[in-house]
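S.K.: One structure is given below, represented as structure tokens, and several questions about it will come after.
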Number of protein chains: 2
Amino acid sequence: MLDERQTTTPHARRTRRNRGHDAQSRAPGQNTHLRVPYITRKVPTYDILGDEALDRIEATADRILAEIGIEIRDDAEAVRLFRQAGAQVTPVSATAFNLKFEPGMVRDLLRTAPARFTQHARNPVNSVEIGGDATVFAPAYGSPFVMDLDTGRRYGTIRDFENLVKLGQSSPWLHHSGGTICEPTDVPVNKRHLDMVYAHMRYSDRAFLGSITAPERAADSIEMCRILFGSDFVDDHCVIMGNFNTTSPLVLDGVTTAGIRTYAEAGQGSIHLPFLLGGAVSPLTMAGAVAQCLAESMVSAALSQLVRPGAPAILAGFLSSMSLRTGSPTFGTPEPALGSLVMGQLARRLNLPLRCAGNFSTSKRPDGQAMQQSMMSMMSAIQGGANYILHTAGFLDGLLSMSYEKFVMDCDMAGALHSYLAGIEVTEDTLGFDALAQNGPGEHMFGTDHTLRHYETAYWDSGLNDDLPFETWEERGALDSAQRANARWKETLNNYQPPPIDIATDEALRDFIARQKASMPDAWY
Amino acid sequence: MLDERQTTTPHARRTRRNRGHDAQSRAPGQNTHLRVPYITRKVPTYDILGDEALDRIEATADRILAEIGIEIRDDAEAVRLFRQAGAQVTPVSATAFNLKFEPGMVRDLLRTAPARFTQHARNPVNSVEIGGDATVFAPAYGSPFVMDLDTGRRYGTIRDFENLVKLGQSSPWLHHSGGTICEPTDVPVNKRHLDMVYAHMRYSDRAFLGSITAPERAADSIEMCRILFGSDFVDDHCVIMGNFNTTSPLVLDGVTTAGIRTYAEAGQGSIHLPFLLGGAVSPLTMAGAVAQCLAESMVSAALSQLVRPGAPAILAGFLSSMSLRTGSPTFGTPEPALGSLVMGQLARRLNLPLRCAGNFSTSKRPDGQAMQQSMMSMMSAIQGGANYILHTAGFLDGLLSMSYEKFVMDCDMAGALHSYLAGIEVTEDTLGFDALAQNGPGEHMFGTDHTLRHYETAYWDSGLNDDLPFETWEERGALDSAQRANARWKETLNNYQPPPIDIATDEALRDFIARQKASMPDAWY
């Protein structure tokens, strides 16, 4: 456990404070006063559109659902639930149905979804709040490749998966262990979810996401939670969530809807994500992309409420653009950043939690492009009020690669965002009149009472960025930030200690996994 | 001239539009529809504090000026002007005076300063508006060193200065040529300003900043403008500005105040900048730093109004933090970013233009750290509504170095910010209902009328970032963004063509410079 939170007893806190001026010798990037299980924002959201424009976007979403409709494929039960709720159902083929909804109907179905809920972690101090003024950071999700500066790009393995869970657990600036932190391509497709869920349970003690690639894998994920948390607890509490993609434009496939039903039936959380590549699966213009995003996400989320009213559901949007010269997807660009801010406004009008944006980039290296694009995208997530921010760490190569170095760089940036979201406190003390008055014009303030009182907590203290004089930096090897991150992740993995787990529980989990794996032949697709 | 603006006649614009689908073969980073002489923002400012908190900051600024006061050194005329205006003057030494101001008095003196003004460029299409909803980007200012990937860090020369002016002029995403783009350390200190001002006049046709290091150098800068623009024009129009630093905390030295008087007397612009390193020359806590910033900047700006009511004056703030472990200054960190947003709110309450933030970084390389810090800082500048953003390109090494590569990377980022500040347009067309309706659920939108109508303008098209598939990127040399920027600045300098200038004017400028240089011996300090 590199995470110091477990040791912040009142006694430990007093001791740390008493060290006072020893702070100069402390390890970098501590900022212990900023450490929290999740962020409670102190800065307002950045609202860029007025009510009239938001009304028009919502009206367009309603019109899409009323006039074009959503197609549901290969899930008669989902169609039945929506028909029962009042949707107008038209067959498209033997297994596909078009569903149209009166304006306002889907919004009404969502009224039972909680505005805010707790996802419980096995270590209760790490449970996170999702919704309202809470912000939760989780690592990137879904890359088939991993990369590091030593070996370049390669397919991800379960060893990488475990390493990355450990790196996440070791950072105080993430709050959630995420889900498919990379694809463990050396494990059969039909058994992967067992090893992934186990890695989150064993190498992290934070909340995490379960499998969504097949309904039975979703069920396995939840079953493992019953072993870890106890069945009774799982019945009444959200302990796992699934991240569900719509099939844009305007389609929900049966694997997705069955997965949503599985999580909702168990009272677990579901994230409802349209992944909208503008010009390909959504209008190029951001107003239209956002309207479609709202329409798709609302219908997907509404299914969870038809299955179990009150089940936690998260509205979501992954907005992206494309290169107009090559047709390649682009990430971390300005238009989707603006779209994410608007998604925040729309989610608040619906009174639902939002997942949006993250540390997006198309760069193939943890370089200037990577961090410039990431920061633009990530700022939109936190300024727009997104509550659950997947893809906070490691995202490179247009989501095709999880980078060890960028993971570490993004975690440090996530730390800086803790300070950003703490905002500016305006009090007699922070206005610091006495600091200026103490020595008067022309005198430095290094030794004033105000400086001594605040210098340990006034500023974000990066654990990775280099602020040294040029000559010192050069003497220490003239390393760029990616090279420093390379050393850092190795050091972190070397120092990693798994959080304690009850031995009987661990055995029960391993036993369940062994039985499930033995019950079916390997499948590789 | 790489800048296409001079060719955007109605005919040229029609021609470009007619090329239609040829866009795929166009050079990257064109986005000609975003090119403007300055940005008119379409997104609202990001206001993070409420009126009560802003009132308290203003009251603290007033209290600083009323109870602690500002010290003016070595400028009897400035003291006389303030005394005449009602300041309470107390001698501190033979040449230094403490000035105290009744609450509200300095604010009253500022009522004559324009909320918005034009700085004229020698090419009229490049004149910029400063204030209100206008945003102007200018390169970094004041580094003694330059660096590039080939030769590392070295002292800047007049050749570097000229190169950097040319790079700025070549980018469509800067609007202003800046000032001391790097220190030309191979030219005597007392003659440097002549070569610097000439470089801006000759190698750029945009607006620029003049010298402020001595009143006679300020006068020379303005005299050169009289040659370039004509004396009558200069008398009635702002064609040059000086960037003046207060000597924080709470001091104005005589060189600064005499410079401000020189610019104001000539009806030219002045920028009033406290450079506040928290804990050293201002309170560590951002509320206090902002209050001090406001107090210092207001008094400095008020001097311009005492000299010539109505002279253009720009409120300013350079807020920074420091490393709590080493005492090194830090830039591009979250607290100053928040402070910059608040400075925006305060400037709007004063109804004055603002210079704030920029592409700040402490990194010694154009790496991930550099661009992450830059983006955090730069977002605060544009979201906070800063009107004149110095340090938009090239800033590295805590302002000690101007980087050729980062200059190019920052210019590209500045282009992306043009798209960001264009905001989201919500119209029947951009809502794109027809795009979705045309093919219906599950169908790609590549060929829809809406996509064909918008695909050339929907998204920012970076001229530097790499969005290619990994394999293509690898085949093309696997370059990171700094390496691509290295090739780009060389290519840009190779292709550079100076903007046309009247031969007689050019000769008159050279003649003036030769006479001034001959009139005094070289001085190196």
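Residues are named by chain letter and number: chains run A, B, ... in the order of the structure tokens, numbers start at 1 in each chain, and ligands are numbered from 1 in the order shown.
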Do me a favour and pick out the residues of chain B within 6 Å of chain A, using only C-alpha atoms, as an MDAnalysis selection string.

M.R.: chainID B and resid 24 43:44 46 48 249:251 279:281 283 285 287:288 325 334 362 367:369 371:372 375 420 426 430:432 441:442 444:446 451 458 467 481

S.K.: Once DSSP has gone over the backbone, tell me which residues of segment 38-144 of chain A are in helix (DSSP H, G or I), as an MDAnalysis selection string.

M.R.: chainID A and resid 51:68 76:85 105:112 124:126

S.K.: How would the residues just picked look written out with N, CA and C atoms as a JSON list (two decimals), in the first residue's frame?

M.R.:
```json
[["chain", "number", "residue", "atom", "x", "y", "z"],
["A", 51, "ASP", "N", -30.05, 28.44, -21.83],
["A", 51, "ASP", "CA", -31.20, 27.53, -21.75],
["A", 51, "ASP", "C", -31.85, 27.31, -23.11],
["A", 52, "GLU", "N", -31.91, 28.36, -23.92],
["A", 52, "GLU", "CA", -32.60, 28.21, -25.20],
["A", 52, "GLU", "C", -31.88, 27.19, -26.07],
["A", 53, "ALA", "N", -30.55, 27.27, -26.12],
["A", 53, "ALA", "CA", -29.79, 26.31, -26.92],
["A", 53, "ALA", "C", -29.93, 24.90, -26.35],
["A", 54, "LEU", "N", -29.91, 24.79, -25.03],
["A", 54, "LEU", "CA", -30.07, 23.46, -24.41],
["A", 54, "LEU", "C", -31.46, 22.90, -24.69],
["A", 55, "ASP", "N", -32.48, 23.76, -24.64],
["A", 55, "ASP", "CA", -33.84, 23.33, -24.99],
["A", 55, "ASP", "C", -33.87, 22.76, -26.40],
["A", 56, "ARG", "N", -33.19, 23.42, -27.32],
["A", 56, "ARG", "CA", -33.21, 22.97, -28.73],
["A", 56, "ARG", "C", -32.52, 21.62, -28.87],
["A", 57, "ILE", "N", -31.41, 21.44, -28.13],
["A", 57, "ILE", "CA", -30.72, 20.14, -28.19],
["A", 57, "ILE", "C", -31.62, 19.04, -27.63],
["A", 58, "GLU", "N", -32.25, 19.33, -26.50],
["A", 58, "GLU", "CA", -33.15, 18.32, -25.92],
["A", 58, "GLU", "C", -34.33, 18.03, -26.85],
["A", 59, "ALA", "N", -34.86, 19.07, -27.47],
["A", 59, "ALA", "CA", -35.99, 18.86, -28.39],
["A", 59, "ALA", "C", -35.55, 18.01, -29.59],
["A", 60, "THR", "N", -34.29, 18.21, -30.03],
["A", 60, "THR", "CA", -33.80, 17.39, -31.14],
["A", 60, "THR", "C", -33.62, 15.94, -30.71],
["A", 61, "ALA", "N", -33.13, 15.73, -29.49],
["A", 61, "ALA", "CA", -33.02, 14.36, -28.98],
["A", 61, "ALA", "C", -34.41, 13.71, -28.94],
["A", 62, "ASP", "N", -35.38, 14.46, -28.44],
["A", 62, "ASP", "CA", -36.75, 13.93, -28.39],
["A", 62, "ASP", "C", -37.27, 13.61, -29.80],
["A", 63, "ARG", "N", -36.93, 14.49, -30.73],
["A", 63, "ARG", "CA", -37.41, 14.30, -32.10],
["A", 63, "ARG", "C", -36.76, 13.07, -32.74],
["A", 64, "ILE", "N", -35.47, 12.88, -32.45],
["A", 64, "ILE", "CA", -34.78, 11.68, -32.95],
["A", 64, "ILE", "C", -35.50, 10.43, -32.44],
["A", 65, "LEU", "N", -35.83, 10.43, -31.15],
["A", 65, "LEU", "CA", -36.47, 9.25, -30.56],
["A", 65, "LEU", "C", -37.91, 9.08, -31.04],
["A", 66, "ALA", "N", -38.58, 10.18, -31.36],
["A", 66, "ALA", "CA", -39.98, 10.11, -31.79],
["A", 66, "ALA", "C", -40.11, 9.80, -33.28],
["A", 67, "GLU", "N", -39.17, 10.31, -34.09],
["A", 67, "GLU", "CA", -39.37, 10.22, -35.54],
["A", 67, "GLU", "C", -38.44, 9.21, -36.21],
["A", 68, "ILE", "N", -37.21, 9.05, -35.71],
["A", 68, "ILE", "CA", -36.28, 8.09, -36.32],
["A", 68, "ILE", "C", -36.28, 6.80, -35.50],
["A", 76, "ALA", "N", -35.44, -9.85, -27.31],
["A", 76, "ALA", "CA", -36.90, -9.74, -27.25],
["A", 76, "ALA", "C", -37.36, -9.18, -25.91],
["A", 77, "GLU", "N", -36.63, -9.50, -24.84],
["A", 77, "GLU", "CA", -37.04, -9.05, -23.50],
["A", 77, "GLU", "C", -36.92, -7.53, -23.38],
["A", 78, "ALA", "N", -35.83, -6.99, -23.91],
["A", 78, "ALA", "CA", -35.68, -5.52, -23.86],
["A", 78, "ALA", "C", -36.78, -4.86, -24.66],
["A", 79, "VAL", "N", -37.11, -5.43, -25.82],
["A", 79, "VAL", "CA", -38.18, -4.87, -26.65],
["A", 79, "VAL", "C", -39.51, -4.95, -25.89],
["A", 80, "ARG", "N", -39.74, -6.09, -25.25],
["A", 80, "ARG", "CA", -40.98, -6.27, -24.49],
["A", 80, "ARG", "C", -41.12, -5.21, -23.39],
["A", 81, "LEU", "N", -40.01, -4.98, -22.67],
["A", 81, "LEU", "CA", -40.04, -4.00, -21.58],
["A", 81, "LEU", "C", -40.37, -2.60, -22.10],
["A", 82, "PHE", "N", -39.74, -2.23, -23.20],
["A", 82, "PHE", "CA", -40.02, -0.89, -23.75],
["A", 82, "PHE", "C", -41.44, -0.79, -24.31],
["A", 83, "ARG", "N", -41.91, -1.88, -24.94],
["A", 83, "ARG", "CA", -43.27, -1.85, -25.48],
["A", 83, "ARG", "C", -44.29, -1.66, -24.35],
["A", 84, "GLN", "N", -44.03, -2.42, -23.27],
["A", 84, "GLN", "CA", -44.89, -2.33, -22.10],
["A", 84, "GLN", "C", -44.90, -0.91, -21.52],
["A", 85, "ALA", "N", -43.78, -0.25, -21.63],
["A", 85, "ALA", "CA", -43.67, 1.11, -21.08],
["A", 85, "ALA", "C", -44.27, 2.16, -22.01],
["A", 105, "MET", "N", -41.10, 10.89, -23.07],
["A", 105, "MET", "CA", -41.36, 9.59, -22.45],
["A", 105, "MET", "C", -40.10, 8.99, -21.82],
["A", 106, "VAL", "N", -38.99, 9.05, -22.54],
["A", 106, "VAL", "CA", -37.77, 8.44, -22.02],
["A", 106, "VAL", "C", -37.28, 9.20, -20.78],
["A", 107, "ARG", "N", -37.41, 10.52, -20.85],
["A", 107, "ARG", "CA", -37.07, 11.35, -19.69],
["A", 107, "ARG", "C", -37.90, 10.93, -18.46],
["A", 108, "ASP", "N", -39.16, 10.65, -18.68],
["A", 108, "ASP", "CA", -40.01, 10.22, -17.57],
["A", 108, "ASP", "C", -39.52, 8.89, -16.99],
["A", 109, "LEU", "N", -39.11, 7.98, -17.89],
["A", 109, "LEU", "CA", -38.65, 6.67, -17.40],
["A", 109, "LEU", "C", -37.40, 6.81, -16.53],
["A", 110, "LEU", "N", -36.66, 7.89, -16.75],
["A", 110, "LEU", "CA", -35.40, 8.06, -16.02],
["A", 110, "LEU", "C", -35.58, 8.69, -14.65],
["A", 111, "ARG", "N", -36.82, 9.07, -14.33],
["A", 111, "ARG", "CA", -37.03, 9.77, -13.05],
["A", 111, "ARG", "C", -36.71, 8.89, -11.85],
["A", 112, "THR", "N", -36.73, 7.58, -12.03],
["A", 112, "THR", "CA", -36.44, 6.69, -10.88],
["A", 112, "THR", "C", -34.93, 6.50, -10.66],
["A", 124, "PRO", "N", -13.72, 0.04, 2.80],
["A", 124, "PRO", "CA", -14.79, 1.06, 2.86],
["A", 124, "PRO", "C", -14.29, 2.49, 2.73],
["A", 125, "VAL", "N", -13.05, 2.76, 3.13],
["A", 125, "VAL", "CA", -12.57, 4.15, 2.99],
["A", 125, "VAL", "C", -12.42, 4.54, 1.53],
["A", 126, "ASN", "N", -12.43, 3.56, 0.64],
["A", 126, "ASN", "CA", -12.28, 3.86, -0.78],
["A", 126, "ASN", "C", -13.60, 3.88, -1.55]]
```

S.K.: Nearest to Leu493 of chain A among A:Leu399, A:Ile271, A:Leu164, A:Val189, with distances taken over only C-alpha atoms: which residue is it?

M.R.: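 Closest candidate: A:Leu164.
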
S.K.: Write out as a ChimeraX atom specification all residues of segment 241-313 of chain A that DSSP puts in strand (DSSP E or B) for this structure's backbone.

M.R.: /A:241-245,247,251-252,269-273,275-278,282,313

S.K.: In Å, rounded to a single decimal, give me how far atom CA of Arg159 of chain B is from atom CA of Val187 of chain B.

M.R.: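 Here the two named atoms are 10.4 Å from each other.
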
S.K.: If you count only C-alpha atoms, which residues fall within 12 Å of Ser170 of chain A, apart from same-chain ones fewer than 6 positions away, as a compact mmCIF listing (two decimals) with N, CA, C and O atoms, in the first residue's frame?

M.R.:
```txt
# COMPACT_ATOMS: atom_id res chain seq x y z
N MET A 1 0.82 -1.20 0.00
CA MET A 1 0.00 0.00 0.00
C MET A 1 0.86 1.26 0.00
O MET A 1 1.40 1.66 1.03
N LEU A 2 0.95 1.87 -1.15
CA LEU A 2 1.64 3.16 -1.17
C LEU A 2 0.67 4.27 -0.76
O LEU A 2 1.08 5.34 -0.37
N ASP A 3 -0.61 3.95 -0.90
CA ASP A 3 -1.62 4.94 -0.57
C ASP A 3 -1.57 5.18 0.93
O ASP A 3 -1.75 4.27 1.73
N GLU A 4 -1.34 6.41 1.32
CA GLU A 4 -1.16 6.72 2.73
C GLU A 4 -2.47 6.83 3.49
O GLU A 4 -2.46 6.98 4.70
N ARG A 5 -3.58 6.77 2.75
CA ARG A 5 -4.83 7.10 3.44
C ARG A 5 -5.09 6.23 4.66
O ARG A 5 -5.57 6.69 5.65
N ASN A 163 -0.15 -5.46 -13.62
CA ASN A 163 0.78 -4.34 -13.38
C ASN A 163 0.04 -3.01 -13.34
O ASN A 163 0.30 -2.15 -12.50
N LEU A 164 -0.88 -2.85 -14.29
CA LEU A 164 -1.56 -1.56 -14.41
C LEU A 164 -2.56 -1.36 -13.27
O LEU A 164 -2.73 -0.23 -12.77
N HIS A 176 -10.60 4.92 -8.42
CA HIS A 176 -11.37 3.77 -8.88
C HIS A 176 -10.42 2.94 -9.72
O HIS A 176 -9.55 3.49 -10.40
N SER A 177 -10.57 1.63 -9.67
CA SER A 177 -9.61 0.76 -10.34
C SER A 177 -9.92 0.57 -11.83
O SER A 177 -9.11 0.01 -12.57
N TYR A 203 -5.57 -6.96 -6.35
CA TYR A 203 -4.43 -6.03 -6.36
C TYR A 203 -4.83 -4.58 -6.09
O TYR A 203 -3.99 -3.69 -6.06
N SER A 204 -6.14 -4.37 -5.96
CA SER A 204 -6.65 -3.05 -5.60
C SER A 204 -7.66 -3.25 -4.49
O SER A 204 -8.23 -4.34 -4.35
N ASP A 205 -7.90 -2.25 -3.72
CA ASP A 205 -9.02 -2.33 -2.78
C ASP A 205 -10.00 -1.18 -3.03
O ASP A 205 -10.69 -0.71 -2.14
N ARG A 206 -10.00 -0.75 -4.30
CA ARG A 206 -10.93 0.29 -4.71
C ARG A 206 -12.09 -0.33 -5.50
O ARG A 206 -12.05 -1.51 -5.85
N PHE A 407 0.49 6.51 -18.19
CA PHE A 407 -0.31 6.21 -17.00
C PHE A 407 0.20 7.02 -15.81
O PHE A 407 -0.56 7.69 -15.10
N VAL A 408 1.51 6.98 -15.64
CA VAL A 408 2.14 7.69 -14.52
C VAL A 408 2.02 9.22 -14.69
O VAL A 408 1.74 9.96 -13.74
N CYS A 411 -1.56 10.24 -14.02
CA CYS A 411 -1.89 10.21 -12.58
C CYS A 411 -1.40 11.49 -11.92
O CYS A 411 -2.10 12.09 -11.09
N ASP A 412 -0.21 11.92 -12.30
CA ASP A 412 0.31 13.15 -11.71
C ASP A 412 -0.57 14.34 -12.10
O ASP A 412 -0.88 15.21 -11.28
N ARG A 488 9.77 5.87 -13.00
CA ARG A 488 8.80 5.89 -11.92
C ARG A 488 7.91 4.66 -11.87
O ARG A 488 7.64 4.09 -10.82
N TRP A 489 7.42 4.20 -13.07
CA TRP A 489 6.51 3.05 -12.99
C TRP A 489 7.24 1.79 -12.55
O TRP A 489 6.67 0.95 -11.85
N LYS A 490 8.50 1.69 -12.93
CA LYS A 490 9.26 0.51 -12.48
C LYS A 490 9.47 0.54 -10.97
O LYS A 490 9.31 -0.47 -10.28
N GLU A 491 9.80 1.72 -10.48
CA GLU A 491 10.02 1.89 -9.04
C GLU A 491 8.71 1.60 -8.29
O GLU A 491 8.72 0.93 -7.25
N THR A 492 7.60 2.08 -8.82
CA THR A 492 6.31 1.87 -8.16
C THR A 492 5.96 0.39 -8.12
O THR A 492 5.50 -0.12 -7.08
N LEU A 493 6.17 -0.32 -9.23
CA LEU A 493 5.87 -1.75 -9.24
C LEU A 493 6.80 -2.51 -8.29
O LEU A 493 6.38 -3.45 -7.62
N ASN A 494 8.06 -2.08 -8.22
CA ASN A 494 8.99 -2.73 -7.29
C ASN A 494 8.55 -2.57 -5.84
O ASN A 494 8.75 -3.47 -5.03
N ASN A 495 7.99 -1.42 -5.54
CA ASN A 495 7.62 -1.11 -4.15
C ASN A 495 6.20 -1.55 -3.80
O ASN A 495 5.78 -1.42 -2.67
N TYR A 496 5.48 -2.03 -4.81
CA TYR A 496 4.06 -2.34 -4.60
C TYR A 496 3.85 -3.45 -3.57
O TYR A 496 4.54 -4.48 -3.60
N GLN A 497 2.91 -3.23 -2.67
CA GLN A 497 2.45 -4.26 -1.73
C GLN A 497 0.96 -4.42 -1.91
O GLN A 497 0.23 -3.44 -1.83
N PRO A 498 0.47 -5.65 -2.12
CA PRO A 498 -0.98 -5.80 -2.31
C PRO A 498 -1.73 -5.47 -1.02
O PRO A 498 -1.24 -5.73 0.07
N PRO A 499 -2.93 -4.89 -1.16
CA PRO A 499 -3.73 -4.62 0.05
C PRO A 499 -4.14 -5.96 0.67
O PRO A 499 -4.32 -6.95 -0.05
```

S.K.: For atom CA of Asp235 of chain B and atom CA of Tyr263 of chain B, quote the distance in Å rounded to one decimal.

M.R.: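 Atom CA of Asp235 of chain B sits 11.2 Å away from atom CA of Tyr263 of chain B.
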
S.K.: At a cut-off of 12 Å, using only C-alpha atoms, what residues contact Gly210 of chain B? Leave out same-chain residues fewer than 5 positions from it and give the result as an NGL selection string.

M.R.: :B and (141 or 177-181 or 192-201 or 215-225 or 238-244 or 259-260 or 262-263 or 268-271)

S.K.: Would you write out those residues with N, CA and C atoms, as a compact mmCIF listing (two decimals), in the first residue's frame?

M.R.:
```txt
# COMPACT_ATOMS: atom_id res chain seq x y z
N TYR B 141 8.01 36.26 -24.20
CA TYR B 141 8.69 37.55 -24.06
C TYR B 141 9.75 37.47 -22.97
N SER B 177 3.12 40.39 -33.02
CA SER B 177 4.52 39.95 -33.12
C SER B 177 5.24 39.91 -31.78
N GLY B 178 4.60 40.43 -30.72
CA GLY B 178 5.22 40.40 -29.40
C GLY B 178 6.28 41.46 -29.24
N GLY B 179 7.18 41.23 -28.30
CA GLY B 179 8.22 42.23 -28.03
C GLY B 179 9.59 41.58 -27.96
N THR B 180 10.14 41.46 -26.75
CA THR B 180 11.46 40.85 -26.58
C THR B 180 11.31 39.34 -26.71
N ILE B 181 11.18 38.92 -27.94
CA ILE B 181 10.86 37.51 -28.23
C ILE B 181 11.98 36.60 -27.72
N ARG B 192 20.22 47.45 -28.21
CA ARG B 192 19.40 46.30 -28.53
C ARG B 192 18.00 46.66 -29.02
N HIS B 193 17.41 47.63 -28.32
CA HIS B 193 15.99 47.95 -28.61
C HIS B 193 15.82 48.37 -30.06
N LEU B 194 16.85 49.02 -30.64
CA LEU B 194 16.74 49.50 -32.03
C LEU B 194 16.64 48.31 -32.99
N ASP B 195 17.49 47.32 -32.78
CA ASP B 195 17.46 46.14 -33.64
C ASP B 195 16.20 45.31 -33.42
N MET B 196 15.74 45.27 -32.18
CA MET B 196 14.53 44.48 -31.90
C MET B 196 13.30 45.12 -32.56
N VAL B 197 13.14 46.42 -32.35
CA VAL B 197 11.98 47.09 -32.95
C VAL B 197 12.05 47.00 -34.47
N TYR B 198 13.27 47.14 -35.01
CA TYR B 198 13.40 47.04 -36.48
C TYR B 198 13.00 45.65 -36.97
N ALA B 199 13.41 44.61 -36.24
CA ALA B 199 13.07 43.24 -36.66
C ALA B 199 11.55 43.06 -36.72
N HIS B 200 10.85 43.57 -35.71
CA HIS B 200 9.38 43.47 -35.74
C HIS B 200 8.80 44.24 -36.93
N MET B 201 9.37 45.42 -37.19
CA MET B 201 8.83 46.24 -38.28
C MET B 201 9.11 45.65 -39.65
N PRO B 215 13.73 55.05 -20.37
CA PRO B 215 12.80 55.99 -21.01
C PRO B 215 13.26 56.40 -22.40
N GLU B 216 14.59 56.56 -22.62
CA GLU B 216 15.06 56.99 -23.94
C GLU B 216 14.89 55.86 -24.97
N ARG B 217 14.91 54.62 -24.50
CA ARG B 217 14.68 53.50 -25.43
C ARG B 217 13.19 53.42 -25.79
N ALA B 218 12.34 53.72 -24.80
CA ALA B 218 10.90 53.81 -25.09
C ALA B 218 10.67 54.90 -26.13
N ALA B 219 11.33 56.03 -25.93
CA ALA B 219 11.17 57.16 -26.87
C ALA B 219 11.67 56.77 -28.27
N ASP B 220 12.80 56.08 -28.36
CA ASP B 220 13.30 55.60 -29.65
C ASP B 220 12.28 54.70 -30.34
N SER B 221 11.68 53.80 -29.55
CA SER B 221 10.70 52.86 -30.12
C SER B 221 9.55 53.63 -30.76
N ILE B 222 9.09 54.65 -30.04
CA ILE B 222 7.95 55.42 -30.54
C ILE B 222 8.38 56.25 -31.76
N GLU B 223 9.62 56.76 -31.72
CA GLU B 223 10.12 57.55 -32.84
C GLU B 223 10.18 56.69 -34.11
N MET B 224 10.60 55.46 -33.96
CA MET B 224 10.63 54.56 -35.12
C MET B 224 9.21 54.33 -35.67
N CYS B 225 8.23 54.29 -34.78
CA CYS B 225 6.84 54.17 -35.24
C CYS B 225 6.42 55.40 -36.04
N CYS B 238 -3.06 54.19 -31.51
CA CYS B 238 -2.13 53.31 -30.79
C CYS B 238 -1.45 52.39 -31.81
N VAL B 239 -0.12 52.49 -31.92
CA VAL B 239 0.62 51.65 -32.87
C VAL B 239 1.70 50.84 -32.17
N ILE B 240 1.91 51.09 -30.88
CA ILE B 240 2.95 50.37 -30.14
C ILE B 240 2.54 50.34 -28.67
N MET B 241 3.01 49.31 -27.97
CA MET B 241 2.71 49.24 -26.53
C MET B 241 3.99 48.85 -25.80
N GLY B 242 4.03 49.23 -24.51
CA GLY B 242 5.13 48.81 -23.64
C GLY B 242 4.59 47.91 -22.55
N ASN B 243 5.36 46.88 -22.20
CA ASN B 243 4.96 45.93 -21.17
C ASN B 243 5.74 46.24 -19.90
N PHE B 244 5.07 46.82 -18.90
CA PHE B 244 5.75 47.32 -17.70
C PHE B 244 5.52 46.45 -16.47
N GLY B 259 8.92 55.15 -18.12
CA GLY B 259 8.52 54.47 -19.36
C GLY B 259 7.03 54.57 -19.59
N ILE B 260 6.27 54.32 -18.54
CA ILE B 260 4.81 54.43 -18.65
C ILE B 260 4.43 55.84 -19.08
N THR B 262 6.25 57.94 -20.77
CA THR B 262 6.66 58.16 -22.17
C THR B 262 5.63 57.59 -23.15
N TYR B 263 5.20 56.36 -22.90
CA TYR B 263 4.20 55.75 -23.80
C TYR B 263 2.88 56.52 -23.73
N GLN B 268 0.28 56.13 -26.63
CA GLN B 268 0.50 54.72 -26.95
C GLN B 268 0.11 53.83 -25.76
N GLY B 269 0.06 52.52 -26.00
CA GLY B 269 -0.48 51.59 -25.01
C GLY B 269 0.53 51.17 -23.95
N SER B 270 0.03 50.84 -22.78
CA SER B 270 0.90 50.31 -21.73
C SER B 270 0.21 49.16 -21.02
N ILE B 271 1.03 48.14 -20.70
CA ILE B 271 0.55 46.94 -20.01
C ILE B 271 1.14 47.00 -18.60
```

S.K.: Can you tell me how far atom CA of Ser231 of chain B sits from atom CA of Val128 of chain B, in Å to one decimal?

M.R.: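 Between atom CA of Ser231 of chain B and atom CA of Val128 of chain B the gap is 20.1 Å.
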
S.K.: Check the smallest atom-to-atom distance from each of A:Val36, A:Arg73, A:Leu149, A:Ser340 to Ala487 of chain A using only C-alpha atoms, then report the winner.

M.R.: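 The shortest atom-to-atom distance to Ala487 of chain A comes from A:Leu149.
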
S.K.: As a ChimeraX atom specification, please: the residues near Pro521 of chain B (cut-off 12 Å, only C-alpha atoms, same-chain neighbours under 6 positions excluded).

M.R.: /B:188-191,515

S.K.: Kindly export the residues of the current selection with C-alpha atoms, as a short mmCIF file (atom, residue, chain, number, x, y, z; two decimals), in the first residue's frame.

M.R.:
```cif
data_model
loop_
_atom_site.label_atom_id
_atom_site.label_comp_id
_atom_site.auth_asym_id
_atom_site.auth_seq_id
_atom_site.Cartn_x
_atom_site.Cartn_y
_atom_site.Cartn_z
CA PRO B 188 24.94 46.05 -26.69
CA VAL B 189 22.27 46.54 -24.03
CA ASN B 190 21.82 50.22 -24.87
CA LYS B 191 21.33 49.55 -28.60
CA ARG B 515 22.46 57.57 -36.13
#
```
